[in-house]
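K.L.:
The structure under discussion is supplied below as structure tokens; questions concerning it will follow.
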Amino acid sequence: MFSTLGLFQSLPCPHKSDCKRSVCLFSHAHDLQQQPLIIATAADPTLSITPFTTTASSAPNPNPTVPAKRPFELSVQPTRNATVNEPPLQRLRTATSQKPVALPTQFQSTTGIPVLRVNAAQSQVALPVRQAMLKNLYDHFIVLYENILPSHPTLASEHALRQEEEVYKKSTKLTYRNAVINSIASLKRRPIPTSTSHPSVGTEEQITVRIEARKKLDELRLTRSALKQLLVTTDTMQKWGYIVEIPDGEGGSKPSAVGQVTRCDRCGQSYAIHGTPTQGECTYHWGKPFSRTINGEKLRVYSCCSKNTAEDGCSRGSHVFYESDPKDLHTRHAFSLNRPPKSSGGGDSTDTALDVVALDCEMVYTTGGMRVARVSVVDGSGTEIFDELVRMDDGVDVIDYNTRFSGITQEAHQKASLTLSSIRQSLDAFINSETIIIGHALENDLKTLRMVHHQCIDTSVLFPHRAGLPYRRSLRDLVKEHLGVSIQTGDGSTGHSSVEDSVATLDLVRWYILNKVKGNTTS
């Protein structure tokens with residue numbers, strides 16, 4: 001047997017004189033001082049430390065007692081559901097089992113070298129190495145985007161950050177450097193873009209996504225059966241401002257409105273229409289007003305200059321006017337229906353009209369109101385089949401070429417040789433009354449062409465504004481959102497391209513069929 005260490009000799013034996021042990025670990029001395037005891041009652045779960053001394057003549061205590069060996073631990077209150085005899089709970093593991101990945105917290109809009117803002121402790125690759133590789137990517141994006149950086153100064157920085165993130169996600173610590181080098185080599189092989197809509201603009205992942213989306217769109221063949229369910233009904237056409245029948249009265253009886261008093265479409269002032277443009281007589285905003293919150297206050301400002309709607313205009317030019325009444329438009333130039341389909345006989349009677357076309361027009365301000373100056377048509381595959389400038393009718397003079405939006409300059413328009421009547425005759429080779437015409441806000445194009453047509457698909461109807469009429473989403477925003485392509489990126493000297501807009505509306509209809517129409521026809 002091992003000898004005792006006497007650790008319990010300072011404690012009295014709980015059995016006292018009734019102890020049956022031959023060698024007791026506790027003390028049986030009568031003059032031994034009693035240690036304080038802790039009383040734990042079963043009725044109250046709260047522990048309390050109470051000094052208590054027993055004597056030989058004291059009554060037995062019904063409550064169990066334990067020695068106050070560690071009072072500082074028992075001073076901590078137990079949890080609500082804990083019991084005295086319950087062992088301490090095991091600590092739970094709260095760390096994630098996934099490997100942390102350090103990615104940029106946000107993209108910095110800057111014209112200088114971008115800076116990675118990541119947690120260095122979570123990055124698999126040393127942060128100085130990633131920053132150096134990011135700088136190399138940025139330098140090569142600067143060279144690639146040399147033609148578009150003046151109008152988009154933050155593009156190189158944003159794409160360098162995204163490209164570095166894409167490489168980091170797909171690589172490891174050992175392959176990261178080589179992956180960045182391969183990305184730089186790919187950048188060197190790209191052609192220099194001339195606009196943000198160029199295929200070379202973007203990161204590798206963005207370009208791949210665009211190529212796959214483009215492939216799906218190109219594979220979709222638009223047929224009459226596939227488009228029939230998207231046609232705008234007559235009631236909807238009237239609601240959206242289409243002219244569904246030829247107005248009464250003699251068409252083309254008064255091509256010009258010189259001498260009449262009307263209200264300027266830009267500044268709202270009344271003026272007498274004259275054939276000689278007077279620069280500086282009209283002060284206006286060419287942008288549209290929209291709501292913006294500044295310092296907690298909601299204000300209406302213009303998109304062109306961010307000025308308040310109560311302030312004076314930011315541009316100066318000639319007074320212009322716009323007519324929307326069908327009778328007034330009919331008086332300037334007569335409306336007409338498209339020709340009916342030719343019979344199915346052989347020989348010269350074969351109809352050359354197409355099943356599907358997309359159409360867009362560019363307009364200028366004249367003494368006869370807003371008139372068409374360019375007409376562009378593409379077929380169902382997006383191939384350009386018609387693109388002509390339109391010469392004004394006799395007696396109608398151009399007041400403002402509206403180059404910022406139309407893209408037409410005075411020098412270019414002087415080459416126009418076909419009048420609107422000749423243009424309509426040329427369009428008869430591609431369009432008859434059964435041809436499906438696709439466009440964005442197509443009623444404006446049909447009005448300026450003086451064309452009454454009922455087989456129409458309008459992307460502004462397919463993708464309505466959430467606030468409803470009269471609000472409409474712009475073609476540029478729809479193409480950017482659904483196709484990931486930037487259009488109408490020209491500045492005030494280049495304007496829009498009607499061919500580009502025609503192809504964009506066609507692609508939007510393809511996207512709608514692929515993503516919104518159930519049981520779509522892809523052949």
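The chains in the structure tokens are called A, B, ... from first to last as shown; in each chain the residues are counted from 1, and the ligands are counted from 1 in the order shown.
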Compile the contact shell of A:Leu155 as a ChimeraX atom specification: residues with an atom at most 10 Å away, counting only C-alpha atoms, same-chain residues fewer than 3 positions apart removed.
P.N.:
/A:109-111,138,141-142,145,148-152,158-160,196,201-202
K.L.:
Need to verify the contact set: stretch 172-177 of chain A, 12 Å, only C-alpha atoms, exclusion of same-chain residues closer than 4 positions in sequence. Can you return it as a compact mmCIF listing (two decimals) with N, CA and C atoms, in the first residue's frame?
P.N.:
# COMPACT_ATOMS: atom_id res chain seq x y z
N VAL A 101 -10.21 33.54 -49.24
CA VAL A 101 -9.75 34.09 -50.52
C VAL A 101 -9.75 35.60 -50.42
N SER A 123 -4.61 36.50 -48.50
CA SER A 123 -4.19 36.32 -49.89
C SER A 123 -3.21 35.16 -50.01
N GLN A 124 -3.46 34.25 -50.95
CA GLN A 124 -2.54 33.14 -51.19
C GLN A 124 -1.24 33.61 -51.81
N VAL A 125 -1.32 34.71 -52.55
CA VAL A 125 -0.14 35.29 -53.19
C VAL A 125 0.24 36.55 -52.45
N ALA A 126 1.55 36.76 -52.27
CA ALA A 126 2.01 37.95 -51.56
C ALA A 126 1.44 39.21 -52.21
N LEU A 127 0.95 40.12 -51.36
CA LEU A 127 0.31 41.32 -51.85
C LEU A 127 1.24 42.17 -52.72
N VAL A 129 3.46 41.15 -54.76
CA VAL A 129 3.52 40.48 -56.05
C VAL A 129 2.25 40.77 -56.86
N ARG A 130 1.10 40.69 -56.20
CA ARG A 130 -0.17 40.96 -56.89
C ARG A 130 -0.23 42.42 -57.35
N GLN A 131 0.26 43.34 -56.51
CA GLN A 131 0.24 44.75 -56.90
C GLN A 131 1.14 44.99 -58.10
N ALA A 132 2.29 44.33 -58.14
CA ALA A 132 3.20 44.49 -59.29
C ALA A 132 2.57 43.93 -60.56
N MET A 133 1.91 42.78 -60.45
CA MET A 133 1.24 42.20 -61.62
C MET A 133 0.07 43.08 -62.08
N LEU A 134 -0.63 43.68 -61.11
CA LEU A 134 -1.73 44.58 -61.44
C LEU A 134 -1.22 45.79 -62.22
N ASN A 136 1.39 45.87 -64.16
CA ASN A 136 1.71 45.42 -65.52
C ASN A 136 0.45 45.32 -66.38
N LEU A 137 -0.63 44.79 -65.80
CA LEU A 137 -1.89 44.71 -66.54
C LEU A 137 -2.40 46.11 -66.88
N GLU A 164 -7.17 41.17 -63.01
CA GLU A 164 -6.33 40.58 -61.97
C GLU A 164 -7.16 39.70 -61.05
N GLU A 165 -8.37 40.11 -60.75
CA GLU A 165 -9.25 39.29 -59.91
C GLU A 165 -9.60 37.98 -60.59
N GLU A 166 -9.91 38.04 -61.89
CA GLU A 166 -10.22 36.82 -62.63
C GLU A 166 -9.04 35.85 -62.62
N VAL A 167 -7.83 36.36 -62.83
CA VAL A 167 -6.64 35.50 -62.84
C VAL A 167 -6.41 34.91 -61.46
N TYR A 168 -6.58 35.71 -60.42
CA TYR A 168 -6.34 35.23 -59.06
C TYR A 168 -7.31 34.11 -58.68
N ILE A 181 1.04 36.61 -66.91
CA ILE A 181 1.85 36.79 -68.12
C ILE A 181 1.06 36.37 -69.36
N ASN A 182 0.31 35.28 -69.27
CA ASN A 182 -0.52 34.85 -70.39
C ASN A 182 -1.62 35.87 -70.71
N SER A 183 -2.18 36.49 -69.67
CA SER A 183 -3.20 37.52 -69.89
C SER A 183 -2.60 38.73 -70.59
N ILE A 184 -1.39 39.11 -70.21
CA ILE A 184 -0.73 40.24 -70.85
C ILE A 184 -0.44 39.92 -72.31
K.L.:
Find the residues near A:Ile431: any atom within 8 Å, counting only C-alpha atoms, skip ones fewer than 6 places away on the same chain, and give them as a PDB file with all heavy atoms, in the first residue's frame.
P.N.:
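Done, and the output landed in part04.pdb:
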ATOM      1  N   ASN A 338     -48.079  50.634 -97.040  1.00  0.00           N
ATOM      2  CA  ASN A 338     -47.132  49.839 -97.816  1.00  0.00           C
ATOM      3  C   ASN A 338     -47.895  48.994 -98.825  1.00  0.00           C
ATOM      4  O   ASN A 338     -49.065  48.649 -98.627  1.00  0.00           O
ATOM      5  CB  ASN A 338     -46.301  48.939 -96.889  1.00  0.00           C
ATOM      6  CG  ASN A 338     -45.220  49.720 -96.163  1.00  0.00           C
ATOM      7  OD1 ASN A 338     -44.514  50.537 -96.770  1.00  0.00           O
ATOM      8  ND2 ASN A 338     -45.074  49.480 -94.871  1.00  0.00           N
ATOM      9  N   ARG A 339     -47.215  48.665 -99.891  1.00  0.00           N
ATOM     10  CA  ARG A 339     -47.867  47.913-100.964  1.00  0.00           C
ATOM     11  C   ARG A 339     -48.276  46.523-100.475  1.00  0.00           C
ATOM     12  O   ARG A 339     -47.627  45.945 -99.590  1.00  0.00           O
ATOM     13  CB  ARG A 339     -46.922  47.785-102.163  1.00  0.00           C
ATOM     14  CG  ARG A 339     -45.678  46.932-101.871  1.00  0.00           C
ATOM     15  CD  ARG A 339     -44.883  46.669-103.132  1.00  0.00           C
ATOM     16  NE  ARG A 339     -43.693  45.886-102.867  1.00  0.00           N
ATOM     17  CZ  ARG A 339     -43.679  44.565-102.778  1.00  0.00           C
ATOM     18  NH1 ARG A 339     -44.812  43.873-102.913  1.00  0.00           N
ATOM     19  NH2 ARG A 339     -42.553  43.917-102.560  1.00  0.00           N
ATOM     20  N   ALA A 353     -40.001  41.138-101.347  1.00  0.00           N
ATOM     21  CA  ALA A 353     -40.107  41.638 -99.972  1.00  0.00           C
ATOM     22  C   ALA A 353     -39.677  40.561 -98.978  1.00  0.00           C
ATOM     23  O   ALA A 353     -39.866  39.358 -99.198  1.00  0.00           O
ATOM     24  CB  ALA A 353     -41.538  42.082 -99.683  1.00  0.00           C
ATOM     25  N   LEU A 354     -39.100  41.001 -97.862  1.00  0.00           N
ATOM     26  CA  LEU A 354     -38.598  40.098 -96.827  1.00  0.00           C
ATOM     27  C   LEU A 354     -39.660  39.866 -95.758  1.00  0.00           C
ATOM     28  O   LEU A 354     -40.581  40.672 -95.573  1.00  0.00           O
ATOM     29  CB  LEU A 354     -37.335  40.692 -96.192  1.00  0.00           C
ATOM     30  CG  LEU A 354     -36.184  41.009 -97.153  1.00  0.00           C
ATOM     31  CD1 LEU A 354     -35.046  41.683 -96.397  1.00  0.00           C
ATOM     32  CD2 LEU A 354     -35.688  39.741 -97.832  1.00  0.00           C
ATOM     33  N   VAL A 357     -37.583  42.634 -91.202  1.00  0.00           N
ATOM     34  CA  VAL A 357     -36.545  43.653 -91.320  1.00  0.00           C
ATOM     35  C   VAL A 357     -36.511  44.453 -90.020  1.00  0.00           C
ATOM     36  O   VAL A 357     -37.490  44.472 -89.256  1.00  0.00           O
ATOM     37  CB  VAL A 357     -36.776  44.615 -92.508  1.00  0.00           C
ATOM     38  CG1 VAL A 357     -36.752  43.873 -93.833  1.00  0.00           C
ATOM     39  CG2 VAL A 357     -38.065  45.406 -92.335  1.00  0.00           C
TER      40      VAL A 357
END
K.L.:
For the strand (DSSP E or B) assignment from backbone DSSP, which residues of stretch 431-462 of chain A qualify? Please present them as a list in words.
P.N.:
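Filtering stretch 431-462 of chain A to strand (DSSP E or B) leaves Ile436, Ile437, Ile438, Gly439, Met451, Val452, Cys456, Ile457 and Asp458 of chain A.
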K.L.:
For A:Pro470, which residue out of A:Val115, A:Gly241, A:Pro340, A:Tyr271 is the nearest one, using only C-alpha atoms?
P.N.:
A:Gly241
K.L.:
For a test of reading the model, state the distance in Å between atom CA of A:Arg214 and atom CA of A:Val485, rounded to one decimal.
P.N.:
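Calculated distance between atom CA of A:Arg214 and atom CA of A:Val485 is 10.3 Å.
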K.L.:
For A:Gln455, list every protein, DNA or RNA residue within 9 Å, evaluated using only C-alpha atoms, and leave out those in the same chain fewer than 6 positions away; present the list as a compact mmCIF listing (two decimals) with N, CA and C atoms, in the first residue's frame.
P.N.:
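File around37.txt, as written:
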# COMPACT_ATOMS: atom_id res chain seq x y z
N LYS A 228 -44.61 36.13 -84.58
CA LYS A 228 -46.03 36.47 -84.66
C LYS A 228 -46.61 36.85 -83.30
N LEU A 231 -46.01 40.61 -82.11
CA LEU A 231 -46.55 41.74 -82.86
C LEU A 231 -47.40 42.65 -81.96
N VAL A 232 -47.28 43.94 -82.18
CA VAL A 232 -48.05 44.92 -81.42
C VAL A 232 -49.47 44.97 -81.97
N THR A 233 -50.45 44.82 -81.09
CA THR A 233 -51.85 44.87 -81.53
C THR A 233 -52.24 46.29 -81.91
N SER A 433 -46.87 45.03 -97.13
CA SER A 433 -47.78 45.17 -95.99
C SER A 433 -47.70 44.01 -95.00
N GLU A 434 -47.11 42.87 -95.42
CA GLU A 434 -47.00 41.71 -94.53
C GLU A 434 -45.62 41.58 -93.90
N THR A 435 -44.68 42.42 -94.27
CA THR A 435 -43.34 42.36 -93.69
C THR A 435 -43.38 42.80 -92.23
N ILE A 436 -42.72 42.06 -91.37
CA ILE A 436 -42.63 42.42 -89.96
C ILE A 436 -41.47 43.40 -89.80
N ILE A 437 -41.78 44.61 -89.30
CA ILE A 437 -40.77 45.65 -89.10
C ILE A 437 -40.45 45.73 -87.61
N ILE A 438 -39.16 45.65 -87.29
CA ILE A 438 -38.68 45.71 -85.90
C ILE A 438 -37.99 47.06 -85.70
K.L.:
List as a list of chain:residue names the protein and nucleic acid residues near A:Ile423, meaning an atom at most 10 Å away when only C-alpha atoms are counted, but skip any in the same chain fewer than 4 places from it.
P.N.:
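The filter keeps A:Arg374, A:Val375, A:Phe386, A:Glu388, A:Leu389, A:Val390, A:Arg391, A:Ser417, A:Leu418, A:Thr419, A:Leu427, A:Asp428, A:Leu449.
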K.L.:
How would the residues just chosen look if you wrote them out with C-alpha atoms as a CSV table (one decimal), in the first residue's frame?
P.N.:
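Saved result, part39.csv, follows:
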chain,number,residue,atom,x,y,z
A,374,ARG,CA,-31.3,59.0,-93.1
A,375,VAL,CA,-33.0,55.6,-93.4
A,386,PHE,CA,-30.4,49.7,-97.3
A,388,GLU,CA,-29.5,56.2,-97.7
A,389,LEU,CA,-29.6,59.9,-96.9
A,390,VAL,CA,-32.8,61.7,-97.6
A,391,ARG,CA,-33.0,65.0,-99.5
A,417,SER,CA,-30.0,62.7,-103.8
A,418,LEU,CA,-33.2,60.8,-103.0
A,419,THR,CA,-36.4,62.5,-101.7
A,427,LEU,CA,-38.2,50.4,-99.7
A,428,ASP,CA,-41.0,48.7,-101.6
A,449,LEU,CA,-41.4,58.1,-93.2
K.L.:
Rounded to one decimal, what separation in Å do you get between atom CA of A:Leu227 and atom CA of A:Cys456?
P.N.:
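Atom CA of A:Leu227 sits 9.8 Å away from atom CA of A:Cys456.
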K.L.:
Separation of atom CA of A:Lys188 and atom CA of A:Ser171, in Å?
P.N.:
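About the pair atom CA of A:Lys188 and atom CA of A:Ser171: they are 20.9 Å apart.
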K.L.:
Excluding stretch 499-512 of chain A and its own-chain neighbours fewer than 3 positions away, which residues fall within 8 Å of it when counting only C-alpha atoms? Please give them as a list in words.
P.N.:
Leu217, Leu220, Leu222, Ala358, Leu359, Asp360, Ser376, Val377, Val378, Gly380, Gly382, Glu384, Asp387, Ile438, Gly439, His440, Thr459, Leu475, Leu478, Val479, His482, Leu483, Ile487, His496, Asn515, Lys516 and Val517 of chain A
K.L.:
Pull the alpha helix (DSSP H) assignments for stretch 141-354 of chain A out of DSSP run on the backbone, and list those residues as a ChimeraX atom specification.
P.N.:
/A:141-144,155-170,176-189,204-219,224-227,234-239,326-332
K.L.:
Tell me which of A:Asp458, A:Asp248, A:Glu146, A:Asp235 sits closest to A:Thr331, counting only C-alpha atoms.
P.N.:
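Answer, going by the shortest atom-to-atom distance: A:Asp248.
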K.L.:
Can you work out which one of A:Thr194, A:Thr366, A:Ser336, A:Thr276 has the shortest atom-to-atom distance to A:Asn402, counting only C-alpha atoms?
P.N.:
A:Thr366
K.L.:
For A:Gly268, which residue out of A:Ala429, A:Cys282, A:Val180, A:Met237 is the nearest one, using only C-alpha atoms?
P.N.:
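Of A:Ala429, A:Cys282, A:Val180, A:Met237, the one nearest A:Gly268, counting only C-alpha atoms, is A:Cys282.
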